[in-house]
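Q: Structure file coords-v6.txt, compact mmCIF, N, CA and C atoms, is pasted below:
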# COMPACT_ATOMS: atom_id res chain seq x y z
N MET A 258 -30.93 -24.62 16.94
CA MET A 258 -31.19 -26.02 17.15
C MET A 258 -30.48 -26.54 18.41
N ARG A 259 -29.37 -25.98 18.71
CA ARG A 259 -28.64 -26.40 19.90
C ARG A 259 -29.47 -26.14 21.15
N GLU A 260 -30.21 -25.03 21.17
CA GLU A 260 -31.04 -24.71 22.34
C GLU A 260 -32.17 -25.73 22.48
N VAL A 261 -32.75 -26.13 21.37
CA VAL A 261 -33.82 -27.14 21.40
C VAL A 261 -33.29 -28.42 22.02
N ASN A 262 -32.13 -28.86 21.59
CA ASN A 262 -31.53 -30.08 22.14
C ASN A 262 -31.26 -29.96 23.63
N ARG A 263 -30.85 -28.78 24.06
CA ARG A 263 -30.61 -28.57 25.50
C ARG A 263 -31.90 -28.70 26.29
N VAL A 264 -32.98 -28.13 25.76
CA VAL A 264 -34.28 -28.22 26.44
C VAL A 264 -34.76 -29.67 26.48
N LEU A 265 -34.64 -30.39 25.38
CA LEU A 265 -35.06 -31.78 25.34
C LEU A 265 -34.23 -32.63 26.30
N ASP A 266 -32.95 -32.36 26.38
CA ASP A 266 -32.10 -33.06 27.35
C ASP A 266 -32.54 -32.77 28.78
N LEU A 267 -32.86 -31.52 29.05
CA LEU A 267 -33.34 -31.14 30.38
C LEU A 267 -34.63 -31.88 30.72
N ILE A 268 -35.55 -31.94 29.77
CA ILE A 268 -36.81 -32.65 30.00
C ILE A 268 -36.54 -34.12 30.27
N SER A 269 -35.66 -34.72 29.50
CA SER A 269 -35.32 -36.14 29.69
C SER A 269 -34.71 -36.39 31.07
N ARG A 270 -33.86 -35.48 31.52
CA ARG A 270 -33.27 -35.63 32.84
C ARG A 270 -34.33 -35.53 33.93
N GLN A 271 -35.26 -34.60 33.77
CA GLN A 271 -36.32 -34.43 34.76
C GLN A 271 -37.20 -35.68 34.81
N ARG A 272 -37.50 -36.25 33.67
CA ARG A 272 -38.30 -37.48 33.62
C ARG A 272 -37.58 -38.62 34.31
N SER A 273 -36.28 -38.71 34.11
CA SER A 273 -35.51 -39.79 34.73
C SER A 273 -35.50 -39.67 36.25
N GLU A 274 -35.79 -38.48 36.77
CA GLU A 274 -35.88 -38.24 38.20
C GLU A 274 -37.34 -38.28 38.68
N ASN A 275 -38.22 -38.83 37.83
CA ASN A 275 -39.65 -38.98 38.13
C ASN A 275 -40.35 -37.65 38.40
N ARG A 276 -39.90 -36.62 37.74
CA ARG A 276 -40.56 -35.31 37.85
C ARG A 276 -41.52 -35.14 36.68
N ILE A 277 -42.58 -34.43 36.93
CA ILE A 277 -43.57 -34.16 35.90
C ILE A 277 -43.18 -32.91 35.14
N VAL A 278 -43.21 -33.01 33.82
CA VAL A 278 -42.92 -31.87 32.95
C VAL A 278 -44.08 -31.73 31.98
N VAL A 279 -44.59 -30.53 31.83
CA VAL A 279 -45.63 -30.25 30.85
C VAL A 279 -44.97 -29.50 29.71
N LEU A 280 -45.01 -30.10 28.53
CA LEU A 280 -44.41 -29.52 27.34
C LEU A 280 -45.53 -29.11 26.41
N VAL A 281 -45.57 -27.84 26.05
CA VAL A 281 -46.55 -27.33 25.10
C VAL A 281 -45.79 -27.02 23.82
N SER A 282 -46.13 -27.74 22.76
CA SER A 282 -45.36 -27.59 21.52
C SER A 282 -46.14 -28.09 20.32
N HIS A 283 -45.86 -27.47 19.18
CA HIS A 283 -46.35 -27.97 17.90
C HIS A 283 -45.27 -28.77 17.20
N ARG A 284 -44.11 -28.87 17.80
CA ARG A 284 -43.00 -29.64 17.22
C ARG A 284 -43.18 -31.10 17.62
N LEU A 285 -43.97 -31.81 16.83
CA LEU A 285 -44.39 -33.16 17.21
C LEU A 285 -43.24 -34.15 17.30
N ASP A 286 -42.20 -33.98 16.51
CA ASP A 286 -41.04 -34.87 16.63
C ASP A 286 -40.43 -34.75 18.03
N ASP A 287 -40.36 -33.53 18.53
CA ASP A 287 -39.84 -33.31 19.88
C ASP A 287 -40.78 -33.90 20.93
N VAL A 288 -42.07 -33.71 20.74
CA VAL A 288 -43.07 -34.25 21.66
C VAL A 288 -42.92 -35.77 21.75
N PHE A 289 -42.81 -36.43 20.60
CA PHE A 289 -42.67 -37.88 20.59
C PHE A 289 -41.34 -38.33 21.19
N ALA A 290 -40.34 -37.49 21.12
CA ALA A 290 -39.01 -37.86 21.64
C ALA A 290 -38.96 -37.87 23.17
N VAL A 291 -39.76 -37.04 23.83
CA VAL A 291 -39.61 -36.90 25.29
C VAL A 291 -40.88 -37.11 26.10
N SER A 292 -41.98 -37.44 25.45
CA SER A 292 -43.26 -37.49 26.18
C SER A 292 -43.71 -38.90 26.52
N ASP A 293 -44.46 -38.99 27.62
CA ASP A 293 -45.15 -40.23 27.99
C ASP A 293 -46.59 -40.23 27.48
N ARG A 294 -47.17 -39.03 27.43
CA ARG A 294 -48.56 -38.86 27.02
C ARG A 294 -48.66 -37.67 26.09
N VAL A 295 -49.73 -37.66 25.28
CA VAL A 295 -50.01 -36.51 24.42
C VAL A 295 -51.46 -36.11 24.64
N ALA A 296 -51.64 -34.86 25.02
CA ALA A 296 -52.99 -34.30 25.15
C ALA A 296 -53.16 -33.25 24.06
N VAL A 297 -54.30 -33.29 23.41
CA VAL A 297 -54.61 -32.32 22.37
C VAL A 297 -55.76 -31.45 22.88
N LEU A 298 -55.53 -30.14 22.86
CA LEU A 298 -56.55 -29.17 23.28
C LEU A 298 -56.99 -28.37 22.06
N LYS A 299 -58.29 -28.09 21.99
CA LYS A 299 -58.83 -27.22 20.95
C LYS A 299 -59.78 -26.25 21.61
N GLN A 300 -59.52 -24.98 21.41
CA GLN A 300 -60.33 -23.93 21.99
C GLN A 300 -60.56 -24.15 23.48
N GLY A 301 -59.49 -24.57 24.16
CA GLY A 301 -59.53 -24.74 25.60
C GLY A 301 -60.17 -26.03 26.08
N LYS A 302 -60.57 -26.91 25.14
CA LYS A 302 -61.21 -28.16 25.52
C LYS A 302 -60.31 -29.33 25.18
N LEU A 303 -60.30 -30.32 26.06
CA LEU A 303 -59.49 -31.51 25.85
C LEU A 303 -60.13 -32.38 24.78
N VAL A 304 -59.40 -32.59 23.68
CA VAL A 304 -59.86 -33.41 22.57
C VAL A 304 -59.44 -34.86 22.79
N SER A 305 -58.20 -35.06 23.24
CA SER A 305 -57.71 -36.41 23.52
C SER A 305 -56.55 -36.33 24.49
N ASP A 306 -56.32 -37.45 25.17
CA ASP A 306 -55.22 -37.59 26.12
C ASP A 306 -54.86 -39.07 26.15
N ASP A 307 -53.75 -39.41 25.51
CA ASP A 307 -53.39 -40.82 25.35
C ASP A 307 -51.91 -41.05 25.60
N PRO A 308 -51.56 -42.29 25.99
CA PRO A 308 -50.15 -42.63 26.10
C PRO A 308 -49.47 -42.55 24.73
N ILE A 309 -48.26 -42.06 24.72
CA ILE A 309 -47.53 -41.86 23.46
C ILE A 309 -47.40 -43.17 22.68
N GLN A 310 -47.23 -44.29 23.37
CA GLN A 310 -47.03 -45.56 22.68
C GLN A 310 -48.29 -46.02 21.95
N ASP A 311 -49.44 -45.43 22.27
CA ASP A 311 -50.69 -45.79 21.60
C ASP A 311 -50.98 -44.92 20.39
N LEU A 312 -50.10 -43.98 20.07
CA LEU A 312 -50.35 -43.01 19.01
C LEU A 312 -49.27 -43.03 17.94
N THR A 313 -49.67 -42.60 16.76
CA THR A 313 -48.71 -42.31 15.71
C THR A 313 -48.72 -40.81 15.48
N LEU A 314 -47.68 -40.34 14.83
CA LEU A 314 -47.61 -38.91 14.50
C LEU A 314 -48.83 -38.50 13.67
N SER A 315 -49.21 -39.32 12.73
CA SER A 315 -50.37 -39.02 11.88
C SER A 315 -51.66 -38.90 12.69
N GLU A 316 -51.82 -39.77 13.68
CA GLU A 316 -53.02 -39.70 14.51
C GLU A 316 -53.08 -38.41 15.30
N VAL A 317 -51.95 -37.98 15.81
CA VAL A 317 -51.93 -36.71 16.56
C VAL A 317 -52.25 -35.54 15.64
N VAL A 318 -51.65 -35.54 14.47
CA VAL A 318 -51.93 -34.46 13.50
C VAL A 318 -53.41 -34.44 13.17
N GLN A 319 -54.00 -35.60 12.93
CA GLN A 319 -55.43 -35.67 12.61
C GLN A 319 -56.27 -35.09 13.74
N ARG A 320 -55.91 -35.36 14.97
CA ARG A 320 -56.66 -34.82 16.11
C ARG A 320 -56.50 -33.31 16.22
N ILE A 321 -55.34 -32.82 15.82
CA ILE A 321 -55.10 -31.37 15.87
C ILE A 321 -55.92 -30.64 14.81
N VAL A 322 -55.98 -31.19 13.62
CA VAL A 322 -56.61 -30.48 12.50
C VAL A 322 -58.08 -30.80 12.30
N ALA A 323 -58.57 -31.86 12.94
CA ALA A 323 -59.97 -32.28 12.73
C ALA A 323 -60.94 -31.30 13.37
Would you encode the structure as structure tokens?
A:
Amino acid sequence: MREVNRVLDLISRQRSENRIVVLVSHRLDDVFAVSDRVAVLKQGKLVSDDPIQDLTLSEVVQRIVA
């Protein structure tokens, strides 16, 4: 868990320096903690791409499993 926190801290620092970071993860709590946007891909196709503030965790899960 300590390594996860280090990676999330690194991502947060990069964002604060206006750098773009692409995070690929199924750990949605982490995604919501450090992301500006969430894109959902299924079989290589973009299903959705929305600002994090417009989404709930449940909505993202629904898009993943639908």
Q: As an NGL selection string, please: all residues of chain A that backbone DSSP puts in strand (DSSP E).
A: :A and (294-299 or 302-308)
Q: One decimal, in Å: what's the spacing between atom C of Met258 (chain A) and atom N of Arg272 (chain A)?
A: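 So the two atoms, atom C of Met258 (chain A) and atom N of Arg272 (chain A), lie 19.4 Å apart.
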Q: Counting only C-alpha atoms, which residue out of A:Glu260, A:Asp307, A:Asp293, A:Asp266 sits closest to Val279 (chain A)?
A: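 Going through A:Glu260, A:Asp307, A:Asp293, A:Asp266 one by one, the smallest distance to Val279 (chain A) is for A:Asp293.
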Q: Measuring between only N, CA and C atoms, which one of A:Ile309, A:Val264, A:Val304, A:Ala323 shows the shortest distance to Phe289 (chain A)?
A: A:Ile309
Q: Quick one: pull the distance between atom N of Val291 (chain A) and atom C of Val318 (chain A), Å, one decimal.
A: 17.5 Å
Q: Mind the document's chain letters and residue numbers, and return as an MDAnalysis selection string the residues of chain A that DSSP labels alpha helix (DSSP H).
A: chainID A and resid 259:273 285:291 314:322
Q: Which distance in Å separates CA of Arg284 (chain A) and CA of Ser269 (chain A), to one decimal?
A: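 Computed distance, CA of Arg284 (chain A) to CA of Ser269 (chain A), equals 16.0 Å.
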Q: Name all residues at most 10 Å from Ala296 (chain A) (count only C-alpha atoms; drop same-chain ones fewer than 6 positions away) and give them as a list of chain:residue names.
A: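 Residues near the query, excluding close chain neighbours: A:Val281, A:Leu303, A:Val304, A:Ser305, A:Asp306, A:Asp307, A:Pro308, A:Ile309, A:Val317, A:Arg320, A:Ile321.
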Q: Nearest residue to Gln271 (chain A) out of A:Ser292, A:Leu314, A:Val322, A:Leu285, using only C-alpha atoms?
A: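 Between A:Ser292, A:Leu314, A:Val322, A:Leu285, the residue approaching Gln271 (chain A) most closely is A:Ser292.
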Q: Hey, could you pull the box centre and edge lengths for region 275-281 of chain A, axis-aligned, 8 Å padding per side, all listed atoms, to one decimal in Å, as AutoDock Vina command-line options?
A:
--center_x -42.4 --center_y -33.0 --center_z 31.1 --size_x 24.3 --size_y 28.0 --size_z 30.6
